[in-house]
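Dropping work_14.cif in here (mmCIF, C-alpha atoms and all ligand atoms; chains and numbers go by the auth columns):
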data_coords
loop_
_atom_site.group_PDB
_atom_site.id
_atom_site.type_symbol
_atom_site.label_atom_id
_atom_site.label_comp_id
_atom_site.label_asym_id
_atom_site.label_seq_id
_atom_site.Cartn_x
_atom_site.Cartn_y
_atom_site.Cartn_z
_atom_site.B_iso_or_equiv
_atom_site.auth_seq_id
_atom_site.auth_asym_id
ATOM 1 C CA MET A 1 -1.756 -89.258 48.380 0.00 902 A
ATOM 2 C CA LYS A 2 -3.375 -87.579 51.392 0.00 903 A
ATOM 3 C CA ILE A 3 -6.776 -89.026 52.316 0.00 904 A
ATOM 4 C CA ASP A 4 -9.576 -86.487 52.028 0.00 905 A
ATOM 5 C CA LYS A 5 -13.132 -87.494 53.006 0.00 906 A
ATOM 6 C CA ASP A 6 -14.498 -85.114 50.375 0.00 907 A
ATOM 7 C CA LYS A 7 -12.410 -86.789 47.636 0.00 908 A
ATOM 8 C CA PRO A 8 -13.425 -90.463 47.482 0.00 909 A
ATOM 9 C CA TRP A 9 -10.659 -91.222 44.948 0.00 910 A
ATOM 10 C CA THR A 10 -8.152 -90.706 47.796 0.00 911 A
ATOM 11 C CA TRP A 11 -9.835 -93.311 50.057 0.00 912 A
ATOM 12 C CA ILE A 12 -8.245 -96.660 50.912 0.00 913 A
ATOM 13 C CA ARG A 13 -9.727 -100.157 50.597 0.00 914 A
ATOM 14 C CA TYR A 14 -11.542 -101.144 53.793 0.00 915 A
ATOM 15 C CA LYS A 15 -10.158 -104.058 55.822 0.00 916 A
ATOM 16 C CA THR A 16 -11.473 -105.578 59.070 0.00 917 A
ATOM 17 C CA GLY A 17 -10.012 -103.832 62.093 0.00 918 A
ATOM 18 C CA MET A 18 -9.424 -100.562 60.295 0.00 919 A
ATOM 19 C CA CYS A 19 -11.874 -98.704 62.560 0.00 920 A
ATOM 20 C CA GLU A 20 -9.437 -99.162 65.478 0.00 921 A
ATOM 21 C CA ASN A 21 -7.818 -95.830 66.261 0.00 922 A
ATOM 22 C CA CYS A 22 -9.616 -94.103 63.437 0.00 923 A
ATOM 23 C CA TYR A 23 -10.547 -90.438 63.669 0.00 924 A
ATOM 24 C CA GLY A 24 -14.046 -91.352 62.465 0.00 925 A
ATOM 25 C CA SER A 25 -14.037 -89.461 59.186 0.00 926 A
ATOM 26 C CA CYS A 26 -17.096 -91.432 58.062 0.00 927 A
ATOM 27 C CA CYS A 27 -18.972 -89.821 60.987 0.00 928 A
ATOM 28 C CA THR A 28 -18.110 -86.357 59.661 0.00 929 A
ATOM 29 C CA MET A 29 -20.001 -86.824 56.402 0.00 930 A
ATOM 30 C CA PRO A 30 -23.742 -86.072 55.943 0.00 931 A
ATOM 31 C CA VAL A 31 -25.827 -88.862 57.522 0.00 932 A
ATOM 32 C CA GLU A 32 -29.132 -89.658 55.813 0.00 933 A
ATOM 33 C CA VAL A 33 -31.586 -91.663 57.890 0.00 934 A
ATOM 34 C CA ARG A 34 -35.151 -92.934 57.741 0.00 935 A
ATOM 35 C CA ALA A 35 -37.944 -92.570 60.300 0.00 936 A
ATOM 36 C CA GLU A 36 -37.265 -96.070 61.693 0.00 937 A
ATOM 37 C CA ASP A 37 -33.644 -95.073 62.402 0.00 938 A
ATOM 38 C CA LEU A 38 -34.866 -92.069 64.402 0.00 939 A
ATOM 39 C CA VAL A 39 -37.142 -94.307 66.433 0.00 940 A
ATOM 40 C CA ARG A 40 -34.263 -96.734 67.122 0.00 941 A
ATOM 41 C CA LEU A 41 -32.077 -93.765 68.123 0.00 942 A
ATOM 42 C CA GLU A 42 -34.849 -92.833 70.582 0.00 943 A
ATOM 43 C CA VAL A 43 -35.128 -89.274 69.307 0.00 944 A
ATOM 44 C CA ALA A 44 -38.629 -89.982 67.962 0.00 945 A
ATOM 45 C CA THR A 45 -41.444 -92.374 68.789 0.00 946 A
ATOM 46 C CA GLN A 46 -43.350 -94.803 66.607 0.00 947 A
ATOM 47 C CA ASP A 47 -46.469 -92.895 67.615 0.00 948 A
ATOM 48 C CA GLU A 48 -45.097 -89.704 66.062 0.00 949 A
ATOM 49 C CA VAL A 49 -44.210 -91.594 62.878 0.00 950 A
ATOM 50 C CA ASP A 50 -47.708 -93.048 62.649 0.00 951 A
ATOM 51 C CA ARG A 51 -49.372 -89.677 63.259 0.00 952 A
ATOM 52 C CA SER A 52 -47.373 -87.465 60.865 0.00 953 A
ATOM 53 C CA VAL A 53 -43.792 -87.798 59.638 0.00 954 A
ATOM 54 C CA LYS A 54 -43.869 -84.176 58.441 0.00 955 A
ATOM 55 C CA LYS A 55 -44.830 -82.900 61.899 0.00 956 A
ATOM 56 C CA MET A 56 -42.175 -85.102 63.439 0.00 957 A
ATOM 57 C CA ALA A 57 -39.592 -83.670 61.023 0.00 958 A
ATOM 58 C CA LYS A 58 -40.582 -80.135 62.013 0.00 959 A
ATOM 59 C CA ARG A 59 -40.164 -80.988 65.692 0.00 960 A
ATOM 60 C CA LEU A 60 -36.791 -82.674 65.142 0.00 961 A
ATOM 61 C CA ILE A 61 -35.510 -79.701 63.145 0.00 962 A
ATOM 62 C CA LYS A 62 -36.641 -77.368 65.944 0.00 963 A
ATOM 63 C CA ASP A 63 -34.906 -79.604 68.511 0.00 964 A
ATOM 64 C CA GLY A 64 -31.687 -79.525 66.468 0.00 965 A
ATOM 65 C CA VAL A 65 -31.552 -83.297 65.899 0.00 966 A
ATOM 66 C CA VAL A 66 -32.284 -83.163 62.205 0.00 967 A
ATOM 67 C CA ALA A 67 -31.043 -80.564 59.705 0.00 968 A
ATOM 68 C CA SER A 68 -33.506 -81.332 56.918 0.00 969 A
ATOM 69 C CA PHE A 69 -36.245 -83.666 55.689 0.00 970 A
ATOM 70 C CA ARG A 70 -37.223 -84.560 52.131 0.00 971 A
ATOM 71 C CA ASP A 71 -40.814 -85.734 51.913 0.00 972 A
ATOM 72 C CA SER A 72 -40.313 -87.175 48.409 0.00 973 A
ATOM 73 C CA THR A 73 -37.651 -89.648 49.589 0.00 974 A
ATOM 74 C CA GLY A 74 -38.545 -89.939 53.299 0.00 975 A
ATOM 75 C CA LEU A 75 -34.927 -89.148 54.119 0.00 976 A
ATOM 76 C CA PHE A 76 -33.791 -86.993 57.029 0.00 977 A
ATOM 77 C CA THR A 77 -30.274 -85.548 57.342 0.00 978 A
ATOM 78 C CA LEU A 78 -28.919 -85.639 60.866 0.00 979 A
ATOM 79 C CA THR A 79 -27.577 -82.393 62.271 0.00 980 A
ATOM 80 C CA SER A 80 -23.805 -81.937 62.152 0.00 981 A
ATOM 81 C CA ARG A 81 -21.723 -79.911 64.549 0.00 982 A
ATOM 82 C CA PRO A 82 -19.922 -76.841 63.095 0.00 983 A
ATOM 83 C CA ASN A 83 -16.789 -78.972 62.524 0.00 984 A
ATOM 84 C CA GLY A 84 -18.811 -81.524 60.537 0.00 985 A
ATOM 85 C CA ASP A 85 -19.018 -84.169 63.283 0.00 986 A
ATOM 86 C CA CYS A 86 -22.253 -86.110 63.569 0.00 987 A
ATOM 87 C CA LEU A 87 -24.333 -85.076 66.531 0.00 988 A
ATOM 88 C CA PHE A 88 -23.761 -88.504 68.095 0.00 989 A
ATOM 89 C CA LEU A 89 -19.987 -88.682 67.642 0.00 990 A
ATOM 90 C CA HIS A 90 -18.061 -88.297 70.906 0.00 991 A
ATOM 91 C CA GLU A 91 -15.718 -85.353 70.533 0.00 992 A
ATOM 92 C CA LYS A 92 -12.794 -86.930 72.422 0.00 993 A
ATOM 93 C CA THR A 93 -13.079 -90.700 71.977 0.00 994 A
ATOM 94 C CA ARG A 94 -14.219 -90.272 68.332 0.00 995 A
ATOM 95 C CA LEU A 95 -16.650 -93.159 68.927 0.00 996 A
ATOM 96 C CA CYS A 96 -20.387 -93.285 68.285 0.00 997 A
ATOM 97 C CA THR A 97 -22.332 -92.605 71.472 0.00 998 A
ATOM 98 C CA LYS A 98 -25.315 -94.496 70.007 0.00 999 A
ATOM 99 C CA TYR A 99 -23.414 -97.421 68.501 0.00 1000 A
ATOM 100 C CA GLN A 100 -25.977 -100.131 69.348 0.00 1001 A
ATOM 101 C CA GLN A 101 -28.795 -97.948 67.983 0.00 1002 A
ATOM 102 C CA ARG A 102 -26.929 -96.396 65.056 0.00 1003 A
ATOM 103 C CA PRO A 103 -28.735 -95.813 61.740 0.00 1004 A
ATOM 104 C CA ASP A 104 -28.716 -98.384 58.931 0.00 1005 A
ATOM 105 C CA VAL A 105 -26.509 -96.227 56.738 0.00 1006 A
ATOM 106 C CA CYS A 106 -23.812 -96.276 59.449 0.00 1007 A
ATOM 107 C CA ARG A 107 -24.122 -100.066 59.815 0.00 1008 A
ATOM 108 C CA LYS A 108 -23.672 -100.545 56.072 0.00 1009 A
ATOM 109 C CA PHE A 109 -20.721 -98.176 55.577 0.00 1010 A
ATOM 110 C CA PRO A 110 -18.454 -98.649 53.642 0.00 1011 A
ATOM 111 C CA GLU A 111 -20.316 -101.312 51.623 0.00 1012 A
ATOM 112 C CA ILE A 112 -22.588 -98.460 50.657 0.00 1013 A
ATOM 113 C CA GLY A 113 -21.308 -94.924 50.391 0.00 1014 A
ATOM 114 C CA PRO A 114 -19.613 -92.605 47.928 0.00 1015 A
ATOM 115 C CA LYS A 115 -16.977 -95.292 47.128 0.00 1016 A
ATOM 116 C CA PRO A 116 -18.239 -98.748 48.114 0.00 1017 A
ATOM 117 C CA GLY A 117 -15.595 -100.857 49.862 0.00 1018 A
ATOM 118 C CA PHE A 118 -13.309 -97.874 50.454 0.00 1019 A
ATOM 119 C CA CYS A 119 -12.851 -95.741 53.539 0.00 1020 A
ATOM 120 C CA PRO A 120 -11.589 -92.218 54.395 0.00 1021 A
ATOM 121 C CA LYS A 121 -9.562 -93.465 57.361 0.00 1022 A
ATOM 122 C CA LEU A 122 -7.510 -90.904 59.246 0.00 1023 A
ATOM 123 C CA PRO A 123 -5.548 -91.790 62.371 0.00 1024 A
ATOM 124 C CA LYS A 124 -7.124 -90.566 65.612 0.00 1025 A
ATOM 125 C CA LEU A 125 -4.055 -88.752 66.896 0.00 1026 A
ATOM 126 C CA THR A 126 -3.268 -86.614 63.874 0.00 1027 A
ATOM 127 C CA GLN A 127 -6.202 -84.212 64.328 0.00 1028 A
HETATM 128 S S1 LIG B . -24.823 -92.129 64.247 0.00 1101 A
HETATM 129 FE FE1 LIG B . -22.922 -92.858 65.133 0.00 1101 A
HETATM 130 S S2 LIG B . -21.999 -94.181 63.535 0.00 1101 A
HETATM 131 FE FE2 LIG B . -23.574 -92.906 62.557 0.00 1101 A
HETATM 132 S S3 LIG B . -22.456 -91.098 61.774 0.00 1101 A
HETATM 133 FE FE3 LIG B . -23.272 -90.591 63.816 0.00 1101 A
HETATM 134 S S4 LIG B . -21.576 -91.043 65.226 0.00 1101 A
HETATM 135 FE FE4 LIG B . -21.154 -92.104 63.301 0.00 1101 A
#

Output the file's structure in the form of structure tokens.
Amino acid sequence: MKIDKDKPWTWIRYKTGMCENCYGSCCTMPVEVRAEDLVRLEVATQDEVDRSVKKMAKRLIKDGVVASFRDSTGLFTLTSRPNGDCLFLHEKTRLCTKYQQRPDVCRKFPEIGPKPGFCPKLPKLTQ
């Protein structure tokens, strides 16, 4: 069965080392982050968070870093490129350009995600 990131039932069980030579399909899915992730990513400051998260969200949307913010959950969705890539995914290497500062949700994938323990791995060279 062909792996499709939008169809978790086609994903394969994650094993250590599987990220090697991967296309980075997990970085082409919507990324939900919290204010502390945005501070760690250095796209926002703790000062902004302390003053007003709503104002910060407005600024980040205007700057094109964040696509949306839900006040009820405190979750922001990072902006994606037109092809679905995360803003921080390197187009050619298919690696995260902010790896050391990446959001919690990225650190925890695939233990958390649409199909915990499974991964939408696609080889880097096929796309
Ligand atoms: S922040 Fe980095 S690890 Fe997380 S989705 Fe974007 S490119 Fe991938």

Within 6 Å of ligand LIG 1101 (chain A), counting only C-alpha atoms and all ligand atoms: which residues, as a PyMOL selection string? chain A and resi 928+932+987+989-990+997+999-1000+1003-1004+1007

Please, what distance in Å, to one decimal, runs between atom CA of A:Lys963 and atom CA of A:Asp986?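 Atom CA of A:Asp986 lies 19.1 Å from atom CA of A:Lys963.
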
Given the file above and the PyMOL selection byres (((chain A and resi 935) around 12) and not hetatm), which residues are selected, and can you give them as a PyMOL selection string? chain A and resi 932-934+936-942+945+950+954+957-958+967+969-972+974-979+1003-1007

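For the pair atom CA of A:Phe1019 and atom CA of A:Pro931, the interatomic distance is 16.7 Å.
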
Excluding stretch 905-913 of chain A and its own-chain neighbours fewer than 6 positions away, which residues fall within 7 Å of it when counting all atoms listed in the file? Please give them as a ChimeraX atom specification. /A:926,1015-1016,1019-1021

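Coordinates place atom CA of A:Thr946 at a distance of 23.3 Å from atom CA of A:Lys1009.
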
Counting all atoms listed in the file, which of A:Tyr915, A:Glu943, A:Glu992, A:Gly985 gets nearest to A:Leu961?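 Checking each candidate against A:Leu961, we get A:Glu943 as the closest.
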
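Residue nearest A:Asn984 within the list A:Lys916, A:Met930, A:Ile962, A:Lys956: A:Met930 [criterion: smallest interatomic distance, all atoms listed in the file].
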
For a quick check of understanding, using only C-alpha atoms, which of A:Arg982, A:Leu996, A:Glu1012, A:Val944 has the smallest distance to A:Arg960? A:Val944

With 5 Å of padding per side, what axis-aligned box (centre and edge lengths, Å, one decimal) covers all the listed atoms of stretch 1016-1024 of chain A? Give it as lines of an AutoDock Vina configuration file.
center_x = -11.9
center_y = -95.9
center_z = 54.7
size_x = 22.7
size_y = 20.0
size_z = 25.2

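Across A:Thr994, A:Leu988, A:Pro1011, A:Gly1018, the tightest approach to A:Thr929 is made by A:Leu988 when counting only C-alpha atoms.
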
Please list as a JSON list (two decimals) with C-alpha atoms, in the coordinates of the input every residue within 6 Å of A:Tyr924, counting all atoms listed in the file and excluding residues in the same chain fewer than 2 positions away.
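The resulting file, result.json, is shown below:
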[["chain", "number", "residue", "atom", "x", "y", "z"],
["A", 926, "SER", "CA", -14.04, -89.46, 59.19],
["A", 995, "ARG", "CA", -14.22, -90.27, 68.33],
["A", 1023, "LEU", "CA", -7.51, -90.90, 59.25],
["A", 1024, "PRO", "CA", -5.55, -91.79, 62.37],
["A", 1025, "LYS", "CA", -7.12, -90.57, 65.61]]
